[in-house]
Each structure stands twice: as C-alpha cells, then as structure tokens.
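Structure file coords_17.txt (compact mmCIF, C-alpha atoms and all ligand atoms) is printed below.
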```
# COMPACT_ATOMS: atom_id res chain seq x y z
CA MET U 1 0.00 0.00 0.00
CA PHE U 2 1.11 3.60 -0.65
CA ASP U 3 3.92 2.27 -2.88
CA ASP U 4 3.45 5.20 -5.26
CA LEU U 5 4.57 7.65 -2.55
CA LYS U 6 8.19 6.53 -2.88
CA GLY U 7 10.21 9.50 -4.17
CA LYS U 8 7.21 11.88 -4.05
CA ARG U 9 8.03 15.44 -3.01
CA VAL U 10 5.92 16.41 0.01
CA LEU U 11 5.78 19.81 1.72
CA ILE U 12 4.14 19.76 5.17
CA THR U 13 3.66 23.10 6.91
CA GLY U 14 3.77 23.31 10.72
CA SER U 15 5.34 19.89 11.13
CA THR U 16 7.98 20.09 13.86
CA GLN U 17 5.67 18.40 16.39
CA GLY U 18 2.24 16.85 16.87
CA ILE U 19 0.08 15.81 13.93
CA GLY U 20 2.48 17.35 11.39
CA LEU U 21 5.54 15.55 12.71
CA ALA U 22 3.68 12.22 12.71
CA ALA U 23 2.85 12.91 9.05
CA VAL U 24 6.51 13.64 8.26
CA GLU U 25 7.45 10.29 9.80
CA ALA U 26 4.77 8.41 7.87
CA PHE U 27 5.84 9.91 4.52
CA ALA U 28 9.52 9.23 5.32
CA ARG U 29 8.65 5.58 6.00
CA ALA U 30 6.87 5.51 2.63
CA GLY U 31 10.13 6.64 0.98
CA ALA U 32 9.04 10.19 0.17
CA LYS U 33 11.13 13.38 0.02
CA VAL U 34 9.70 15.56 2.77
CA ALA U 35 10.14 19.09 4.05
CA MET U 36 9.37 19.62 7.72
CA ASN U 37 8.45 23.24 8.44
CA GLY U 38 8.09 25.38 11.52
CA ARG U 39 8.52 29.00 12.53
CA ARG U 40 11.59 28.33 14.60
CA THR U 41 14.42 25.85 14.33
CA PRO U 42 13.74 23.08 16.88
CA ALA U 43 16.45 22.74 19.55
CA ASP U 44 17.00 19.06 18.72
CA LEU U 45 16.97 19.52 14.94
CA GLU U 46 20.14 17.54 14.14
CA ALA U 47 19.02 14.50 16.15
CA THR U 48 15.47 14.71 14.78
CA LEU U 49 16.66 14.86 11.18
CA ALA U 50 19.09 11.98 11.77
CA ARG U 51 16.23 9.87 13.15
CA LEU U 52 13.81 10.85 10.37
CA ASN U 53 16.40 10.24 7.65
CA GLY U 54 16.85 6.71 8.95
CA LEU U 55 13.25 5.79 8.12
CA GLY U 56 13.68 5.26 4.38
CA GLY U 57 12.94 8.64 2.81
CA GLU U 58 14.65 12.02 2.75
CA VAL U 59 13.70 14.76 5.21
CA VAL U 60 14.88 18.38 5.35
CA PHE U 61 13.87 21.27 7.59
CA LEU U 62 12.69 24.52 6.00
CA PRO U 63 11.91 27.32 8.47
CA ALA U 64 9.15 29.81 7.62
CA ASP U 65 6.32 31.59 9.38
CA VAL U 66 3.38 30.71 7.14
CA SER U 67 1.15 33.32 8.75
CA ASN U 68 3.32 35.76 6.79
CA SER U 69 2.41 35.72 3.08
CA ALA U 70 5.91 36.62 1.86
CA GLU U 71 7.36 33.69 3.80
CA CYS U 72 4.78 31.36 2.21
CA GLY U 73 6.33 32.26 -1.15
CA THR U 74 9.93 31.81 -0.02
CA LEU U 75 9.04 28.47 1.62
CA VAL U 76 7.69 27.13 -1.67
CA GLU U 77 10.75 28.50 -3.53
CA ALA U 78 13.13 26.85 -1.07
CA PHE U 79 11.29 23.54 -1.37
CA VAL U 80 11.38 23.59 -5.18
CA GLU U 81 15.05 24.56 -5.17
CA ARG U 82 15.76 21.54 -2.94
CA PHE U 83 13.59 18.89 -4.61
CA GLY U 84 12.87 20.26 -8.12
CA GLY U 85 9.07 20.37 -7.81
CA ILE U 86 6.07 19.56 -5.58
CA ASP U 87 3.80 16.52 -5.74
CA VAL U 88 1.98 16.88 -2.43
CA LEU U 89 1.25 19.89 -0.23
CA ILE U 90 -0.15 19.48 3.28
CA ASN U 91 -1.34 22.73 4.88
CA ASN U 92 -1.08 21.57 8.48
CA ALA U 93 0.11 24.71 10.31
CA GLY U 94 -2.62 26.00 12.57
CA GLY U 95 -3.58 26.64 16.13
CA LEU U 96 -5.77 28.53 18.55
CA VAL U 97 -3.33 31.47 19.02
CA GLY U 98 -5.29 32.13 22.21
CA ARG U 99 -8.77 31.90 23.63
CA LYS U 100 -10.86 35.06 23.45
CA PRO U 101 -14.63 35.28 23.80
CA LEU U 102 -16.47 37.59 21.43
CA PRO U 103 -16.39 40.71 23.68
CA GLU U 104 -12.57 40.52 23.80
CA ILE U 105 -11.84 40.03 20.11
CA ASP U 106 -9.95 42.92 18.49
CA ASP U 107 -8.44 43.38 15.04
CA ASP U 108 -5.02 42.07 16.07
CA PHE U 109 -6.48 38.82 17.40
CA PHE U 110 -8.73 38.42 14.37
CA ASP U 111 -5.74 38.88 12.06
CA ALA U 112 -3.49 36.52 14.04
CA VAL U 113 -6.03 33.65 14.06
CA THR U 114 -7.11 33.99 10.46
CA ASP U 115 -3.57 34.60 9.14
CA LEU U 116 -2.33 31.39 10.78
CA ASN U 117 -5.30 29.13 10.03
CA ALA U 118 -6.79 30.44 6.78
CA ARG U 119 -4.53 32.82 4.88
CA SER U 120 -1.47 30.60 5.39
CA ALA U 121 -3.11 27.69 3.58
CA LEU U 122 -4.34 29.92 0.78
CA MET U 123 -0.97 31.58 0.22
CA VAL U 124 1.14 28.41 0.34
CA THR U 125 -1.33 26.72 -2.02
CA LYS U 126 -1.27 29.71 -4.37
CA HIS U 127 2.52 29.63 -4.63
CA ALA U 128 2.60 25.85 -4.97
CA LEU U 129 -0.09 25.69 -7.68
CA PRO U 130 2.15 25.96 -10.79
CA HIS U 131 4.53 23.34 -9.39
CA LEU U 132 1.70 20.94 -8.52
CA LYS U 133 0.28 21.40 -12.02
CA ALA U 134 3.66 20.78 -13.65
CA ALA U 135 4.22 17.62 -11.57
CA ALA U 136 0.82 16.21 -12.51
CA ALA U 137 1.46 16.88 -16.20
CA GLN U 138 4.91 15.34 -15.98
CA ASN U 139 3.91 12.07 -14.33
CA GLY U 140 0.45 11.70 -15.87
CA THR U 141 -1.35 11.26 -12.53
CA THR U 142 -2.61 13.84 -10.02
CA SER U 143 -0.95 16.10 -7.49
CA SER U 144 -2.55 16.47 -4.08
CA VAL U 145 -3.27 19.37 -1.76
CA ILE U 146 -4.44 18.43 1.72
CA LEU U 147 -5.91 20.94 4.14
CA VAL U 148 -6.15 20.32 7.87
CA GLY U 149 -9.57 21.31 9.13
CA SER U 150 -11.08 20.56 12.51
CA VAL U 151 -14.14 19.26 14.29
CA ALA U 152 -14.37 22.91 15.40
CA GLY U 153 -15.12 23.76 11.76
CA TYR U 154 -18.49 22.04 12.28
CA THR U 155 -19.21 22.72 15.94
CA GLY U 156 -17.96 26.32 16.16
CA GLY U 157 -15.15 25.56 18.63
CA GLY U 158 -14.89 25.55 22.41
CA PRO U 159 -14.62 28.49 24.82
CA GLY U 160 -12.91 31.46 23.18
CA ALA U 161 -12.22 29.46 20.01
CA GLY U 162 -14.97 30.83 17.77
CA LEU U 163 -12.59 32.50 15.32
CA TYR U 164 -10.47 29.35 15.15
CA GLY U 165 -13.57 27.25 14.39
CA ALA U 166 -14.68 29.73 11.75
CA ALA U 167 -11.24 29.72 10.11
CA LYS U 168 -11.36 25.91 9.92
CA ALA U 169 -14.88 26.04 8.43
CA TRP U 170 -13.46 28.46 5.87
CA LEU U 171 -10.90 25.80 4.92
CA HIS U 172 -13.59 23.12 4.67
CA ASN U 173 -15.38 25.43 2.26
CA ILE U 174 -12.70 27.06 0.10
CA GLN U 175 -11.42 23.78 -1.29
CA LYS U 176 -14.76 23.46 -3.13
CA ASN U 177 -13.84 26.47 -5.24
CA TRP U 178 -10.35 25.12 -5.86
CA VAL U 179 -11.80 21.76 -6.97
CA ALA U 180 -14.14 23.56 -9.37
CA PHE U 181 -11.36 25.57 -11.00
CA HIS U 182 -8.15 23.53 -10.64
CA THR U 183 -9.13 19.91 -11.23
CA LYS U 184 -8.26 20.59 -14.87
CA ASP U 185 -4.69 21.22 -13.68
CA GLY U 186 -4.46 17.66 -12.36
CA ILE U 187 -4.67 18.71 -8.72
CA ARG U 188 -6.90 17.13 -6.07
CA PHE U 189 -7.93 18.99 -2.92
CA ASN U 190 -9.07 17.20 0.22
CA THR U 191 -9.32 18.00 3.92
CA VAL U 192 -8.35 15.91 6.90
CA SER U 193 -10.49 17.09 9.80
CA PRO U 194 -9.13 15.91 13.18
CA GLY U 195 -11.18 15.63 16.34
CA THR U 196 -9.35 16.04 19.64
CA PHE U 197 -5.73 14.84 19.44
CA ASP U 198 -3.25 14.69 22.27
CA THR U 199 -0.69 17.31 21.19
CA ALA U 200 0.69 20.63 22.44
CA PHE U 201 -2.55 22.10 21.12
CA HIS U 202 -4.08 20.93 24.44
CA ALA U 203 -1.17 22.02 26.64
CA ASP U 204 -3.62 24.13 28.65
CA LYS U 205 -5.25 20.93 30.01
CA ASP U 206 -3.85 18.57 32.64
CA GLU U 207 -3.95 14.78 32.19
CA ASP U 208 -7.08 14.35 34.33
CA THR U 209 -8.95 16.91 32.26
CA LYS U 210 -7.89 15.21 29.02
CA THR U 211 -8.99 11.82 30.36
CA ARG U 212 -12.35 13.24 31.42
CA ILE U 213 -12.97 14.96 28.07
CA GLY U 214 -11.82 11.89 26.14
CA ALA U 215 -14.20 9.66 28.10
CA GLY U 216 -17.06 11.57 26.50
CA PHE U 217 -16.09 10.48 22.96
CA PRO U 218 -17.33 7.16 21.53
CA MET U 219 -13.68 5.96 21.34
CA GLY U 220 -13.25 6.99 24.99
CA ARG U 221 -10.02 8.94 24.57
CA PHE U 222 -8.10 11.59 22.62
CA GLY U 223 -6.56 10.59 19.29
CA ARG U 224 -2.81 10.04 18.91
CA PRO U 225 -0.95 11.93 16.14
CA GLU U 226 0.15 8.69 14.45
CA GLU U 227 -3.54 7.76 14.11
CA CYS U 228 -4.09 10.76 11.85
CA ALA U 229 -1.03 10.23 9.64
CA PRO U 230 -2.39 7.41 7.41
CA THR U 231 -5.21 9.66 6.18
CA PHE U 232 -2.57 12.02 4.76
CA LEU U 233 -0.89 9.10 2.98
CA PHE U 234 -4.27 8.06 1.57
CA PHE U 235 -5.08 11.50 0.10
CA ALA U 236 -1.51 11.91 -1.17
CA SER U 237 -1.47 8.58 -2.99
CA HIS U 238 -2.90 8.72 -6.51
CA ALA U 239 -3.23 4.93 -6.44
CA CYS U 240 -5.46 5.13 -3.34
CA SER U 241 -7.45 8.30 -3.96
CA GLY U 242 -6.90 9.37 -7.59
CA TYR U 243 -10.66 9.83 -8.10
CA ILE U 244 -11.31 11.48 -4.73
CA THR U 245 -11.37 15.26 -4.49
CA GLY U 246 -13.28 17.94 -2.59
CA GLN U 247 -13.87 15.70 0.43
CA VAL U 248 -13.51 16.17 4.17
CA LEU U 249 -12.36 13.07 6.05
CA ASP U 250 -13.18 13.22 9.76
CA VAL U 251 -10.61 11.53 12.00
CA ASN U 252 -12.31 12.00 15.34
CA GLY U 253 -13.10 8.75 17.13
CA GLY U 254 -16.82 9.35 16.59
CA GLN U 255 -16.70 12.66 18.46
CA PHE U 256 -18.80 14.35 15.77
CA MET U 257 -20.68 12.74 12.89
CA PRO U 258 -21.65 15.35 10.30
P1 LIG T 1 0.79 21.55 17.54
O1 LIG T 1 0.65 22.82 18.27
O2 LIG T 1 1.33 20.36 18.26
O3 LIG T 1 1.68 21.75 16.24
C1 LIG T 1 1.54 22.89 15.44
C2 LIG T 1 2.69 22.96 14.48
O4 LIG T 1 2.53 24.14 13.69
C3 LIG T 1 4.06 23.08 15.14
O5 LIG T 1 4.99 22.32 14.39
C4 LIG T 1 4.39 24.58 15.02
O6 LIG T 1 5.77 24.82 14.94
C5 LIG T 1 3.71 24.90 13.71
N1 LIG T 1 3.38 26.30 13.55
C6 LIG T 1 2.64 27.08 14.38
N2 LIG T 1 2.56 28.33 13.88
C7 LIG T 1 3.27 28.32 12.72
C8 LIG T 1 3.56 29.30 11.76
N3 LIG T 1 3.10 30.55 11.87
N4 LIG T 1 4.33 28.95 10.69
C9 LIG T 1 4.80 27.70 10.57
N5 LIG T 1 4.54 26.72 11.45
C10 LIG T 1 3.79 27.04 12.51
O7 LIG T 1 -0.65 21.26 16.96
P2 LIG T 1 -1.32 19.94 16.35
O8 LIG T 1 -2.36 19.50 17.30
O9 LIG T 1 -0.33 19.00 15.82
O10 LIG T 1 -2.11 20.65 15.14
C11 LIG T 1 -1.83 20.42 13.79
C12 LIG T 1 -3.03 20.87 12.98
O11 LIG T 1 -4.17 20.11 13.36
C13 LIG T 1 -3.41 22.34 13.18
O12 LIG T 1 -3.85 22.88 11.96
C14 LIG T 1 -4.57 22.25 14.16
O13 LIG T 1 -5.42 23.36 14.06
C15 LIG T 1 -5.23 20.98 13.69
N6 LIG T 1 -6.10 20.34 14.66
C16 LIG T 1 -5.61 19.88 15.84
C17 LIG T 1 -6.48 19.29 16.75
C18 LIG T 1 -6.02 18.74 18.07
O14 LIG T 1 -6.89 18.38 18.90
N7 LIG T 1 -4.73 18.62 18.32
C19 LIG T 1 -7.84 19.20 16.44
C20 LIG T 1 -8.30 19.67 15.22
C21 LIG T 1 -7.42 20.24 14.34
```

Would you mind writing the structure in this file as structure tokens?
Ligand code: NAD
Amino acid sequence: MFDDLKGKRVLITGSTQGIGLAAVEAFARAGAKVAMNGRRTPADLEATLARLNGLGGEVVFLPADVSNSAECGTLVEAFVERFGGIDVLINNAGGLVGRKPLPEIDDDFFDAVTDLNARSALMVTKHALPHLKAAAAQNGTTSSVILVGSVAGYTGGGPGAGLYGAAKAWLHNIQKNWVAFHTKDGIRFNTVSPGTFDTAFHADKDEDTKTRIGAGFPMGRFGRPEECAPTFLFFASHACSGYITGQVLDVNGGQFMP
C-alpha cells in the first residue's frame, strides 16, 4: 500500500511536532522526500533529522512563518530549489493562538487567528499551484493538496475558540472552489479534519482533564498523532485516492458525525 509515494516530493507546513511531525514520519517511511516546516528551528533539529532520515525517505527542515504571506512564497521556492518540484502539499500549520470570547476580540487577534489558520493555507497553495500542475502533467497522474480542518469547523469551537472554528470552516469550504477551477490542472484537494488529538494544542489541560474529556467520545479517549497520519498518505497517494477530491475526512473517534 502507498507504494506510489516513494520518491514523491511532500511539503508539510507546521510539522515540527504533533500531527504534522507524525505525518513527516509516515511519509519518510513511505520513501518520500519531505520538508518539515516550523517558525523556529527546533532545539534538537540535528538529532530529529538523523532519526527521520533513517526511516527510508529524505527529510529536510525549511523554516518559515506561514502566517506571513511573503514567507509562504519563499518556503515554496526553497522547497522547489531543494527537490525540483512539488507533488503533495499538506497545509497543516494552525492553532488557537489564544482563547478570546467575542467581547474581547480585536483586530489584532482576528488577524493573528485567520492569518495562521486560513490565509497561510491559501498563500502556500497559491505559490505551490504551478509546481503541482507541472508535476501532474509530468507524471500523468494527479498532485494532491491536503488541508487540515477541525471538528471545530463544524461545531464552532470551544470556549474562546470561535474565530479558530470559523477559520477551519473556511478551509472546509474554500477547497470546493479550488476543486471547481483547478481539477483541470491535475490537482486534487481534500481536507483531513481531526477531532481532539493529544498534542501541544491541548497544553492548557492537565492529564485528568484530558482523560475526562476523552471519556465523552465514543472511542473513549483523545486521538494520537500517528492515528491521523495514514489519512494524509491516503489522500496523497494517486493509487489510493486518484478519483477522490473535494472531500472532508473526519478523524475523530466518533466525536462528531456530520
Ligand atoms: P501543535 O501545536 O502540536 O503543532 C503545530 C505545528 O505548527 C508546530 O509544528 C508549530 O511549529 C507549527 N506552527 C505554528 N505556527 C506556525 C507558523 N506561523 N508557521 C509555521 N509553522 C507554525 O498542533 P497539532 O495538534 O499537531 O495541530 C496540527 C493541525 O491540526 C493544526 O492545523 C490544528 O489546528 C489541527 N487540529 C488539531 C487538533 C487537536 O486536537 N490537536 C484538532 C483539530 C485540528
């Protein structure tokens, strides 16, 4: 399975930890050429890269703040300079930024949340588009763009996370337009929509709180990042999902069933 991912060039934004890092590992195991991205260089970068490069693929680190549109462009340029093109783009960078209820939201907070969760994905995708199109034409299959949505995109998000939920709903929606106008370019667009996963995203909760919240889900617990990774492989693989586009795949342990 996923044999066609060997040698594929995969850019994953926001992937130094959590769900993104688990995806980097999964693609490396599949033999892909992967760029791990984050705003800052991780302290243990050398050791992490050594470990990741022992998995069977090739992994590099490309720093960029994708909430900054100019850096979205330079990230794509750096990736193409390194690997010669792009086959798969995963727009994973995202986060709450903070929790602010409606009365406390100001322009700066609005910009910070939407820049990180919505504009970043749009800008990286925009810059990657010609490369994804060229790769599809070259190999006669499809290129793949994967967005990372959220259960909050359906439910509206928890306390103080309304803007975050709305930005994720925006992602669930905008891919429909991209499918309508860029399928002719050989590019597929799909969204992986996680439920509640045990990552730094939930660093504001202690273990007891996480256990209690998880007990309320049909699966009885939070998800683990490695349980989300195979869905990225599936949408990236033309052999597995070459006729699938414009879909949202919910990876949420039954937490929400749209
Ligand atoms: P995380 O906080 O563990 O990881 C976020 C990653 O994004 C890190 O590697 C960080 O360096 C990177 N990042 C943050 N801001 C960035 C920026 N401006 N530019 C580049 N990189 C940046 O979070 P996670 O739980 O692994 O989340 C990954 C994705 O999944 C996010 O889009 C998040 O919204 C989504 N998600 C997570 C959950 C969850 O419960 N963990 C639920 C639904 C959706």

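With all atoms listed in the file as the basis for measurement, U:Phe201 is the residue among U:Phe109, U:Phe61, U:Phe201, U:Phe217 that approaches ligand LIG 1 (chain T) most closely.
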
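Among U:Met257, U:Ile213, U:Leu55, U:Leu21, the residue with the shortest atom-to-atom distance to ligand LIG 1 (chain T), counting all atoms listed in the file, is U:Leu21.
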
- Query: If you count only C-alpha atoms and all ligand atoms, which residues end up within 8 Å of ligand LIG 1 (chain T), as a ChimeraX atom specification?
  - Reply: /U:13-21,37-40,63-68,91-96,116-117,120,148-152,164,168,193-202,222-223,225

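CA of Val113 (chain U) to CA of Leu163 (chain U) spans 6.8 Å [interatomic distance, one decimal].
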
Sorted by chain and rising residue number, list the residues of region 231-258 of chain U at most 12 Å from region 178-185 of chain U (counting all atoms listed in the file), each with its closest atom pair and distance in Å to one decimal, as a tab-separated table.
```
residue	atom	partner	partner_atom	distance
U:Gly242	CA	U:Thr183	CA	11.4
U:Tyr243	CA	U:Thr183	CA	10.7
U:Ile244	CA	U:Val179	CA	10.5
U:Thr245	CA	U:Val179	CA	7.0
U:Gly246	CA	U:Val179	CA	6.0
U:Gln247	CA	U:Val179	CA	9.8
```

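Of the listed residues (U:Thr141, U:Asn190, U:Ser69, U:Asn53), U:Asn190 comes nearest to His172 (chain U); the distances count only C-alpha atoms.
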
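Minimum distance to Thr142 (chain U) across U:Gly160, U:Gly85, U:Gly31, U:Gly186 (counting all atoms listed in the file) occurs at U:Gly186.
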
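When CA of Gly7 (chain U) is paired with CA of Ala121 (chain U), their separation reads 23.8 Å.
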
- Task: Go through U:Pro159, U:Asp87, U:Glu207, U:Met123 and flag the residue nearest Gly140 (chain U), using all atoms listed in the file for the distances.
- Result: U:Asp87

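Comparing the minimum interatomic distances between Gln255 (chain U) and each of U:Cys228, U:Phe27, U:Ala128, U:Ala215, counting all atoms listed in the file, we find that U:Ala215 sits nearest.
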
Report as an mmCIF file with C-alpha atoms, keeping the file's coordinate frame all protein, DNA and RNA residues lying within 8 Å of Phe234 (chain U), evaluated on all atoms listed in the file, omitting residues in the same chain fewer than 5 positions from it.
```
data_model
loop_
_atom_site.group_PDB
_atom_site.id
_atom_site.type_symbol
_atom_site.label_atom_id
_atom_site.label_comp_id
_atom_site.auth_asym_id
_atom_site.auth_seq_id
_atom_site.Cartn_x
_atom_site.Cartn_y
_atom_site.Cartn_z
ATOM 1 C CA PHE U 2 1.110 3.600 -0.650
ATOM 2 C CA CYS U 240 -5.460 5.130 -3.340
ATOM 3 C CA SER U 241 -7.450 8.300 -3.960
#
```

- Item | One-decimal distance in Å that lies between CA of Ala236 (chain U) and CA of Ala134 (chain U) | 16.2 Å

Nearby residues (all atoms listed in the file) at most 12 Å from Arg82 (chain U), same-chain spacing under 6 positions excluded, as a CSV table (one decimal) with C-alpha atoms, keeping the file's coordinate frame:
```
chain,number,residue,atom,x,y,z
U,9,ARG,CA,8.0,15.4,-3.0
U,10,VAL,CA,5.9,16.4,0.0
U,11,LEU,CA,5.8,19.8,1.7
U,33,LYS,CA,11.1,13.4,0.0
U,34,VAL,CA,9.7,15.6,2.8
U,35,ALA,CA,10.1,19.1,4.0
U,58,GLU,CA,14.6,12.0,2.8
U,59,VAL,CA,13.7,14.8,5.2
U,60,VAL,CA,14.9,18.4,5.4
U,61,PHE,CA,13.9,21.3,7.6
U,62,LEU,CA,12.7,24.5,6.0
U,75,LEU,CA,9.0,28.5,1.6
U,76,VAL,CA,7.7,27.1,-1.7
```

- Pick out the residues sitting within 6 Å of Ala32 (chain U), and hand them over as a VMD selection string; count all atoms listed in the file, and ignore anything fewer than 6 positions along from it in its own chain. chain U and resid 5 to 8 57

Edge lengths and centre, in Å to one decimal, as JSON: that's what I need for the box along x, y and z that holds all listed atoms of region 173-189 of chain U plus 3 Å on each side.
```
{"center_x": -9.9, "center_y": 22.1, "center_z": -6.3, "size_x": 16.9, "size_y": 15.9, "size_z": 23.1}
```
